[in-house]
Amino acid sequence: MRISWMTRLTFLEAIRQRFFAFLILLSAALVLSSVSFRFLDFGHGELKFVCDFGFGGMFLFGSVLAVVMSAQLFFAEMDNRTALTLLAKPVSRTEFLVGKFIGVWLVLGVFIFTLSTLLGIILWARCQELTAAALEVGKAPPELSITGLFSYTGMQWARLGVVAAMILMVASLARTFLFTVIVGSMLVVAGQLQWLAQETLLKPGDLNLFSKLLLTVSTYIIPNLQQFNIGDALTLDHGSVAEGAVTLSLFSGACYIVVFIFIGSLIFRQREI
Amino acid sequence: MNTGPAIAVKGLTKDFRIGLRGLKLRAVDNVSFEIPRGQVFGLLGPNGCGKSTTLKIILGLVAPTAGEVSILGFPFATTAARSRTGFLPEAPYFHKFLTGRELVAYCARLSGVKPESVNQAVEQALALTAMTEAGDRTIGTYSKGMLQRIGLAQAIVHDPELVILDEPTAGVDPVGSAAIGQMIKAMKAKGKTIVLCSHLLGQVEQVCDRIAIMDRGKLVLEGRVDDVLTRRDQNIITVENLTPEARRAAEEVLAQHGAKITSVTHPRRSLDDLFRELVTGSRDA
């Protein structure tokens, strides 16, 4: 119950921020302009280019929003000392952190599903045109799965949830907003590249024990954020996605969220307000 | 029903580690006191003497290095203790986009007021703090005095047994300060225990039953206001139309009894009283 009120306040605060409005407008403009840039398709199918362009915008700006907003909303409570009022009430530190996380995650959901809907409309409209043109010349019409698009959106939302939980964990330890954003951004980049560590470990090679240990530990500590990026496969070629891949990625994301929030709340309990 | 003290602090010590070498700064040094239920307790001292740290420890916002604290019979920092406590922080800052009424309702829900009782509790708290009319304005438009009053409303909305007020009159004009003083008296009349941190010593003297004075982290004095302020070895007699002859005669009589007049002055009213008397209708609302 108290978590839901913390969530409401966080959501209301976040949705009113100019930074959120700015990013959602910028991303929407990017998604809308993707059709105008389709001549830069580098030989790929036009829908794939539009898809990649839109997904790129969602991925990039979604990551920026998740990092900055999670850190900002946490430190706004600390620096403005509103946390004093809230935590003097019968609200536990865990409830505070979980409320913050859900509030931020809902805002990220608004961001990602708004852009996804916009991208879906553009893809669908262009697909209709391309289908009519293909049928006229007797070619196979392009494939587009709106369900796949929203599956991908759900996965991106889960990815952003992992990022937000990771940032809140860092924030609960950090003293400043800037430190949190810098360290958080580095962790996001590390998460995007984590698959390289996995591949290196899987390849037969002469890694020394230290490197092997370091890579093994990093594959457990840092989440593999790349596993959520199967957007064009889900949207344009649904059959190419391995069975259970989406479920497995979502499950892995949920586990990381729980672990990060748990560690974050353990650290936050020791923090002096 | 638990009849022990509202707050019992025993051997409370707090060290802050500063710098990379972890040098210790002792903010609170072996402080012990008890606050009986239903009383107004003033915690006084200069800036940096450890008052706010002591309050934060009592509220569970800061962990003590050593010592014990219990609130209304419950260990401090527990949900049970905090659900019976209201807190107005120093220079309160609230989410500016909320209206006063929304903030108080939000705090009522966080404090565990039942959903069906929230509206009534909010209106009562707003009425007690004279914020009913301004309740629908956003907090960003409030003056300092109104911020303090809405802060007080959020602190008492769940009808706590213990109310902790950290500098409730900071930045508030004398009329507003007097109004807050009245609110404290009204809460005391309802049987609440109130802990008041303030630099307005005149007001503390008026509203508090007991005071404690801290300096450099240590408790240097604690007791009933009357006991610590009254000089039992001296008396004040207020006389009208005292002529020099009458004064000489009085001095002679007193000298026969081994007493003497040490000072003769004209009674003064306080600037605070004069200001409040002259300035009317300047309330924030």
# chains A, B, ... in the order shown; residues from 1 in each chain; ligands from 1
>>> interface_residues(of="chain B", to="chain A", cutoff="6 Å", atoms="only C-alpha atoms", output="MDAnalysis selection string")
chainID B and resid 59 61:62 79 82:83 93:94 110:111
>>> select_by_dssp(residues="region 40-211 of chain A", states="alpha helix (DSSP H)", output="JSON, numbers by chain")
{"A": [46, 47, 48, 49, 50, 51, 52, 53, 54, 55, 56, 57, 58, 59, 60, 61, 62, 63, 64, 65, 66, 67, 68, 69, 70, 71, 72, 73, 74, 75, 76, 77, 78, 79, 82, 83, 84, 85, 86, 87, 93, 94, 95, 96, 97, 98, 99, 100, 101, 102, 103, 104, 105, 106, 107, 108, 109, 110, 111, 112, 113, 114, 115, 116, 117, 118, 119, 120, 121, 122, 123, 124, 125, 126, 127, 128, 129, 130, 131, 132, 133, 134, 135, 136, 146, 147, 148, 149, 150, 151, 152, 153, 154, 155, 156, 157, 158, 159, 160, 161, 162, 163, 164, 165, 166, 167, 168, 169, 170, 171, 172, 173, 177, 178, 179, 180, 181, 182, 183, 184, 185, 186, 187, 188, 189, 190, 191, 192, 193, 194, 195, 196, 197, 198, 199, 200, 201, 202, 209, 210, 211]}
>>> residues_around(residues="Asp215 (chain B)", least_positions_apart="4", cutoff="8 Å", atoms="only C-alpha atoms", output="number ranges by chain")
B: 45-46, 49-50, 219-220
>>> write_last_selection(atoms="N, CA and C atoms", output="PDB file, in the first residue's frame")
ATOM      1  N   GLY B  45      19.870  24.726  22.110  1.00  0.00           N
ATOM      2  CA  GLY B  45      21.326  24.734  21.988  1.00  0.00           C
ATOM      3  C   GLY B  45      21.734  25.517  20.768  1.00  0.00           C
ATOM      4  N   PRO B  46      23.003  25.916  20.720  1.00  0.00           N
ATOM      5  CA  PRO B  46      23.470  26.677  19.555  1.00  0.00           C
ATOM      6  C   PRO B  46      23.535  25.786  18.313  1.00  0.00           C
ATOM      7  N   CYS B  49      25.165  21.950  17.796  1.00  0.00           N
ATOM      8  CA  CYS B  49      25.400  21.361  19.124  1.00  0.00           C
ATOM      9  C   CYS B  49      24.932  19.904  19.199  1.00  0.00           C
ATOM     10  N   GLY B  50      24.275  19.428  18.141  1.00  0.00           N
ATOM     11  CA  GLY B  50      23.853  18.020  18.125  1.00  0.00           C
ATOM     12  C   GLY B  50      22.359  17.809  18.303  1.00  0.00           C
ATOM     13  N   LEU B 219      24.787  17.132  26.919  1.00  0.00           N
ATOM     14  CA  LEU B 219      23.620  17.706  27.587  1.00  0.00           C
ATOM     15  C   LEU B 219      24.128  18.489  28.800  1.00  0.00           C
ATOM     16  N   VAL B 220      23.891  19.813  28.791  1.00  0.00           N
ATOM     17  CA  VAL B 220      24.457  20.603  29.896  1.00  0.00           C
ATOM     18  C   VAL B 220      23.403  20.961  30.945  1.00  0.00           C
TER      19      VAL B 220
END
>>> residues_around(residues="Arg101 (chain B)", least_positions_apart="5", cutoff="9 Å", atoms="only C-alpha atoms", output="CSV table (one decimal) with all heavy atoms, in the first residue's frame")
chain,number,residue,atom,x,y,z
B,106,TYR,N,-1.6,12.5,1.1
B,106,TYR,CA,-0.6,11.6,0.8
B,106,TYR,C,0.2,11.1,2.0
B,106,TYR,O,0.4,9.9,2.2
B,106,TYR,CB,0.4,12.3,-0.2
B,106,TYR,CG,1.6,11.6,-0.5
B,106,TYR,CD1,1.6,10.5,-1.3
B,106,TYR,CD2,2.9,12.1,-0.1
B,106,TYR,CE1,2.8,9.8,-1.6
B,106,TYR,CE2,4.0,11.5,-0.4
B,106,TYR,CZ,4.0,10.4,-1.1
B,106,TYR,OH,5.2,9.7,-1.4
B,122,VAL,N,-7.5,14.7,7.1
B,122,VAL,CA,-6.9,15.8,6.3
B,122,VAL,C,-7.6,17.1,6.7
B,122,VAL,O,-6.9,18.1,7.0
B,122,VAL,CB,-7.0,15.6,4.8
B,122,VAL,CG1,-6.6,16.8,4.0
B,122,VAL,CG2,-6.1,14.4,4.4
B,123,GLU,N,-8.9,17.1,6.7
B,123,GLU,CA,-9.6,18.4,7.0
B,123,GLU,C,-9.4,18.8,8.5
B,123,GLU,O,-9.2,20.0,8.7
B,123,GLU,CB,-11.1,18.2,6.8
B,123,GLU,CG,-11.5,18.0,5.3
B,123,GLU,CD,-10.8,19.0,4.4
B,123,GLU,OE1,-10.8,20.2,4.7
B,123,GLU,OE2,-10.4,18.6,3.3
B,126,LEU,N,-5.8,20.3,8.5
B,126,LEU,CA,-5.8,21.6,7.9
B,126,LEU,C,-6.5,22.6,8.8
B,126,LEU,O,-6.0,23.8,8.8
B,126,LEU,CB,-6.5,21.5,6.5
B,126,LEU,CG,-5.7,20.7,5.4
B,126,LEU,CD1,-6.6,20.6,4.2
B,126,LEU,CD2,-4.4,21.4,5.1
B,131,MET,N,-5.0,26.0,7.6
B,131,MET,CA,-4.7,25.9,6.2
B,131,MET,C,-5.8,25.5,5.3
B,131,MET,O,-5.6,25.1,4.2
B,131,MET,CB,-3.5,25.0,6.1
B,131,MET,CG,-2.2,25.5,6.5
B,131,MET,SD,-1.6,26.9,5.6
B,131,MET,CE,-1.1,26.2,4.0
B,132,THR,N,-7.0,25.5,5.9
B,132,THR,CA,-8.2,25.0,5.1
B,132,THR,C,-8.3,25.7,3.8
B,132,THR,O,-8.5,25.2,2.7
B,132,THR,CB,-9.4,25.0,5.9
B,132,THR,OG1,-9.2,24.3,7.2
B,132,THR,CG2,-10.6,24.4,5.2
B,134,ALA,N,-6.2,27.7,2.1
B,134,ALA,CA,-5.1,27.6,1.2
B,134,ALA,C,-4.8,26.1,0.8
B,134,ALA,O,-3.9,25.9,0.0
B,134,ALA,CB,-3.8,28.2,1.8
B,135,GLY,N,-5.6,25.2,1.2
B,135,GLY,CA,-5.3,23.8,1.0
B,135,GLY,C,-5.3,23.4,-0.5
B,135,GLY,O,-4.6,22.4,-0.8
B,136,ASP,N,-6.0,24.1,-1.3
B,136,ASP,CA,-6.1,23.7,-2.7
B,136,ASP,C,-5.1,24.5,-3.6
B,136,ASP,O,-5.1,24.3,-4.8
B,136,ASP,CB,-7.5,24.0,-3.3
B,136,ASP,CG,-8.5,23.0,-2.7
B,136,ASP,OD1,-8.1,21.8,-2.5
B,136,ASP,OD2,-9.6,23.4,-2.3
B,137,ARG,N,-4.2,25.3,-3.0
B,137,ARG,CA,-3.1,25.9,-3.7
B,137,ARG,C,-1.9,25.0,-3.8
B,137,ARG,O,-1.7,24.2,-2.8
B,137,ARG,CB,-2.8,27.2,-3.1
B,137,ARG,CG,-3.7,28.4,-3.4
B,137,ARG,CD,-3.5,29.6,-2.5
B,137,ARG,NE,-2.1,30.0,-2.5
B,137,ARG,CZ,-1.6,31.0,-1.7
B,137,ARG,NH1,-2.5,31.6,-0.9
B,137,ARG,NH2,-0.4,31.3,-1.7
B,138,THR,N,-1.2,25.1,-4.9
B,138,THR,CA,0.0,24.2,-4.9
B,138,THR,C,1.1,24.8,-3.9
B,138,THR,O,1.2,26.0,-3.7
B,138,THR,CB,0.7,24.2,-6.3
B,138,THR,OG1,0.9,25.5,-6.8
B,138,THR,CG2,-0.2,23.5,-7.3
B,150,ILE,N,1.7,23.9,6.8
B,150,ILE,CA,1.3,22.7,6.1
B,150,ILE,C,2.3,21.5,6.5
B,150,ILE,O,1.8,20.3,6.6
B,150,ILE,CB,1.4,22.9,4.5
B,150,ILE,CG1,0.4,21.9,3.8
B,150,ILE,CG2,2.8,22.7,3.9
B,150,ILE,CD1,-1.0,22.1,4.0
>>> closest_residue(among="B:Ile211, B:Glu245, B:Glu102, B:Ala153", to="Gln124 (chain B)", atoms="only C-alpha atoms")
B:Ala153
>>> closest_residue(among="B:Pro5, B:Gly22, B:Gly176, B:Pro115", to="Gly145 (chain B)", atoms="only C-alpha atoms")
B:Gly176
>>> residues_around(residues="Gly151 (chain B)", least_positions_apart="5", cutoff="8 Å", atoms="only C-alpha atoms", output="PyMOL selection string")
chain B and resi 88-89+92
>>> closest_atom_pairs(of="region 163-205 of chain A", to="region 42-62 of chain A", cutoff="12 Å", atoms="only C-alpha atoms", output="JSON lines")
{"residue": "A:Val163", "atom": "CA", "partner": "A:Gly62", "partner_atom": "CA", "distance": 9.8}
{"residue": "A:Ala164", "atom": "CA", "partner": "A:Gly62", "partner_atom": "CA", "distance": 10.4}
{"residue": "A:Ser185", "atom": "CA", "partner": "A:Leu60", "partner_atom": "CA", "distance": 11.6}
{"residue": "A:Val188", "atom": "CA", "partner": "A:Leu60", "partner_atom": "CA", "distance": 10.9}
{"residue": "A:Val189", "atom": "CA", "partner": "A:Leu60", "partner_atom": "CA", "distance": 11.2}
{"residue": "A:Gln192", "atom": "CA", "partner": "A:Phe59", "partner_atom": "CA", "distance": 11.0}
>>> residues_around(residues="Ala186 (chain B)", least_positions_apart="6", cutoff="10 Å", atoms="only C-alpha atoms", output="list in words")
Leu128, Ile180 and Lys192 of chain B
>>> write_last_selection(atoms="N, CA, C and O atoms", output="short mmCIF file (atom, residue, chain, number, x, y, z; two decimals), in the first residue's frame")
data_model
loop_
_atom_site.label_atom_id
_atom_site.label_comp_id
_atom_site.auth_asym_id
_atom_site.auth_seq_id
_atom_site.Cartn_x
_atom_site.Cartn_y
_atom_site.Cartn_z
N LEU B 128 -6.73 22.63 12.08
CA LEU B 128 -5.90 22.92 13.26
C LEU B 128 -4.75 23.85 12.91
O LEU B 128 -4.33 24.67 13.72
N ILE B 180 1.85 29.37 15.66
CA ILE B 180 2.41 28.03 15.83
C ILE B 180 2.47 27.67 17.32
O ILE B 180 2.19 26.54 17.72
N LYS B 192 -1.02 15.29 23.55
CA LYS B 192 0.16 14.89 22.77
C LYS B 192 1.45 15.24 23.51
O LYS B 192 1.50 16.22 24.27
#
>>> residues_around(residues="region 139-151 of chain A", least_positions_apart="4", cutoff="10 Å", atoms="only C-alpha atoms", output="ChimeraX atom specification")
/A:45-48,51,55,112-113,116-117,119-121,123-124,127-135,155-157,230-238,246
>>> write_last_selection(atoms="N, CA and C atoms", output="mmCIF file, in the first residue's frame")
data_model
loop_
_atom_site.group_PDB
_atom_site.id
_atom_site.type_symbol
_atom_site.label_atom_id
_atom_site.label_comp_id
_atom_site.auth_asym_id
_atom_site.auth_seq_id
_atom_site.Cartn_x
_atom_site.Cartn_y
_atom_site.Cartn_z
ATOM 1 N N GLY A 45 16.238 -4.195 -46.447
ATOM 2 C CA GLY A 45 14.843 -3.890 -46.720
ATOM 3 C C GLY A 45 14.454 -2.574 -46.066
ATOM 4 N N GLU A 46 13.515 -1.900 -46.698
ATOM 5 C CA GLU A 46 13.140 -0.582 -46.206
ATOM 6 C C GLU A 46 12.543 -0.657 -44.793
ATOM 7 N N LEU A 47 11.674 -1.659 -44.589
ATOM 8 C CA LEU A 47 11.052 -1.778 -43.264
ATOM 9 C C LEU A 47 12.099 -2.067 -42.193
ATOM 10 N N LYS A 48 13.113 -2.842 -42.573
ATOM 11 C CA LYS A 48 14.178 -3.150 -41.594
ATOM 12 C C LYS A 48 14.896 -1.864 -41.200
ATOM 13 N N CYS A 51 12.657 0.111 -38.978
ATOM 14 C CA CYS A 51 12.658 -0.604 -37.692
ATOM 15 C C CYS A 51 13.919 -0.297 -36.897
ATOM 16 N N PHE A 55 14.088 1.564 -33.398
ATOM 17 C CA PHE A 55 14.598 0.813 -32.233
ATOM 18 C C PHE A 55 15.840 1.496 -31.653
ATOM 19 N N ILE A 112 8.472 4.134 -23.634
ATOM 20 C CA ILE A 112 8.784 3.092 -24.618
ATOM 21 C C ILE A 112 7.524 2.659 -25.391
ATOM 22 N N PHE A 113 6.389 2.584 -24.699
ATOM 23 C CA PHE A 113 5.162 2.156 -25.401
ATOM 24 C C PHE A 113 4.608 3.267 -26.288
ATOM 25 N N SER A 116 6.827 3.070 -29.297
ATOM 26 C CA SER A 116 6.554 1.826 -29.997
ATOM 27 C C SER A 116 5.247 1.923 -30.793
ATOM 28 N N THR A 117 4.248 2.541 -30.198
ATOM 29 C CA THR A 117 2.969 2.725 -30.897
ATOM 30 C C THR A 117 3.170 3.582 -32.141
ATOM 31 N N LEU A 119 5.976 3.987 -33.795
ATOM 32 C CA LEU A 119 6.745 3.204 -34.764
ATOM 33 C C LEU A 119 5.844 2.164 -35.437
ATOM 34 N N GLY A 120 4.976 1.553 -34.650
ATOM 35 C CA GLY A 120 4.046 0.555 -35.198
ATOM 36 C C GLY A 120 3.151 1.165 -36.267
ATOM 37 N N ILE A 121 2.653 2.369 -36.020
ATOM 38 C CA ILE A 121 1.778 3.044 -37.002
ATOM 39 C C ILE A 121 2.553 3.328 -38.284
ATOM 40 N N LEU A 123 5.304 1.817 -39.377
ATOM 41 C CA LEU A 123 5.638 0.557 -40.056
ATOM 42 C C LEU A 123 4.419 -0.032 -40.762
ATOM 43 N N TRP A 124 3.299 -0.001 -40.079
ATOM 44 C CA TRP A 124 2.080 -0.574 -40.658
ATOM 45 C C TRP A 124 1.668 0.197 -41.918
ATOM 46 N N CYS A 127 4.105 -0.529 -44.641
ATOM 47 C CA CYS A 127 3.951 -1.926 -45.054
ATOM 48 C C CYS A 127 2.760 -2.075 -46.015
ATOM 49 N N GLN A 128 1.681 -1.322 -45.741
ATOM 50 C CA GLN A 128 0.513 -1.364 -46.626
ATOM 51 C C GLN A 128 0.901 -0.901 -48.028
ATOM 52 N N GLU A 129 1.664 0.208 -48.080
ATOM 53 C CA GLU A 129 2.094 0.750 -49.373
ATOM 54 C C GLU A 129 2.996 -0.240 -50.103
ATOM 55 N N LEU A 130 3.956 -0.804 -49.349
ATOM 56 C CA LEU A 130 4.911 -1.735 -49.961
ATOM 57 C C LEU A 130 4.224 -3.030 -50.404
ATOM 58 N N THR A 131 3.230 -3.475 -49.617
ATOM 59 C CA THR A 131 2.486 -4.701 -49.972
ATOM 60 C C THR A 131 1.730 -4.487 -51.286
ATOM 61 N N ALA A 132 1.066 -3.317 -51.409
ATOM 62 C CA ALA A 132 0.312 -3.021 -52.632
ATOM 63 C C ALA A 132 1.252 -2.981 -53.839
ATOM 64 N N ALA A 133 2.428 -2.327 -53.625
ATOM 65 C CA ALA A 133 3.391 -2.223 -54.727
ATOM 66 C C ALA A 133 3.943 -3.591 -55.102
ATOM 67 N N ALA A 134 4.226 -4.436 -54.115
ATOM 68 C CA ALA A 134 4.778 -5.775 -54.366
ATOM 69 C C ALA A 134 3.766 -6.650 -55.087
ATOM 70 N N LEU A 135 2.508 -6.556 -54.686
ATOM 71 C CA LEU A 135 1.472 -7.378 -55.321
ATOM 72 C C LEU A 135 1.270 -6.973 -56.776
ATOM 73 N N MET A 155 10.314 -6.313 -24.071
ATOM 74 C CA MET A 155 11.692 -6.671 -23.701
ATOM 75 C C MET A 155 12.534 -5.434 -23.425
ATOM 76 N N GLN A 156 12.303 -4.396 -24.234
ATOM 77 C CA GLN A 156 13.037 -3.151 -23.991
ATOM 78 C C GLN A 156 12.641 -2.546 -22.639
ATOM 79 N N TRP A 157 11.364 -2.694 -22.328
ATOM 80 C CA TRP A 157 10.879 -2.168 -21.039
ATOM 81 C C TRP A 157 11.576 -2.928 -19.894
ATOM 82 N N ILE A 230 16.471 -7.955 -29.738
ATOM 83 C CA ILE A 230 16.148 -8.826 -30.883
ATOM 84 C C ILE A 230 14.911 -8.274 -31.573
ATOM 85 N N GLY A 231 14.892 -6.938 -31.696
ATOM 86 C CA GLY A 231 13.712 -6.237 -32.200
ATOM 87 C C GLY A 231 13.348 -6.563 -33.628
ATOM 88 N N ASP A 232 14.326 -6.422 -34.563
ATOM 89 C CA ASP A 232 13.951 -6.637 -35.970
ATOM 90 C C ASP A 232 13.632 -8.105 -36.249
ATOM 91 N N ALA A 233 14.289 -9.007 -35.480
ATOM 92 C CA ALA A 233 13.973 -10.436 -35.643
ATOM 93 C C ALA A 233 12.536 -10.707 -35.217
ATOM 94 N N LEU A 234 12.108 -10.080 -34.126
ATOM 95 C CA LEU A 234 10.734 -10.301 -33.634
ATOM 96 C C LEU A 234 9.694 -9.647 -34.550
ATOM 97 N N THR A 235 10.058 -8.475 -35.101
ATOM 98 C CA THR A 235 9.079 -7.703 -35.855
ATOM 99 C C THR A 235 9.009 -8.124 -37.318
ATOM 100 N N LEU A 236 10.179 -8.397 -37.920
ATOM 101 C CA LEU A 236 10.190 -8.655 -39.367
ATOM 102 C C LEU A 236 10.421 -10.114 -39.735
ATOM 103 N N ASP A 237 10.948 -10.894 -38.806
ATOM 104 C CA ASP A 237 11.238 -12.297 -39.122
ATOM 105 C C ASP A 237 11.044 -13.134 -37.860
ATOM 106 N N HIS A 238 9.791 -13.234 -37.441
ATOM 107 C CA HIS A 238 9.462 -13.812 -36.147
ATOM 108 C C HIS A 238 9.990 -15.238 -35.985
ATOM 109 N N VAL A 246 12.455 -15.118 -25.623
ATOM 110 C CA VAL A 246 11.831 -13.939 -25.008
ATOM 111 C C VAL A 246 11.571 -14.208 -23.525
#
>>> closest_residue(among="B:Pro160, B:Gly140, B:Pro267, B:Pro174", to="Ala81 (chain B)", atoms="only C-alpha atoms")
B:Pro160
>>> atom_distance(atom1="CA of Val207 (chain B)", atom2="CA of Ala170 (chain B)")
16.3 Å
>>> closest_residue(among="A:Leu115, A:Ala158, A:Leu26, A:Leu178", to="Gln72 (chain A)", atoms="only C-alpha atoms")
A:Leu178
>>> atom_distance(atom1="CA of Lys51 (chain B)", atom2="CA of Asp166 (chain B)")
8.9 Å
>>> closest_residue(among="B:Ile57, B:Leu103, B:Ala6, B:Val118", to="Glu161 (chain B)", atoms="only C-alpha atoms")
B:Ala6
>>> atom_distance(atom1="CA of Leu168 (chain A)", atom2="CA of Leu65 (chain A)")
13.2 Å
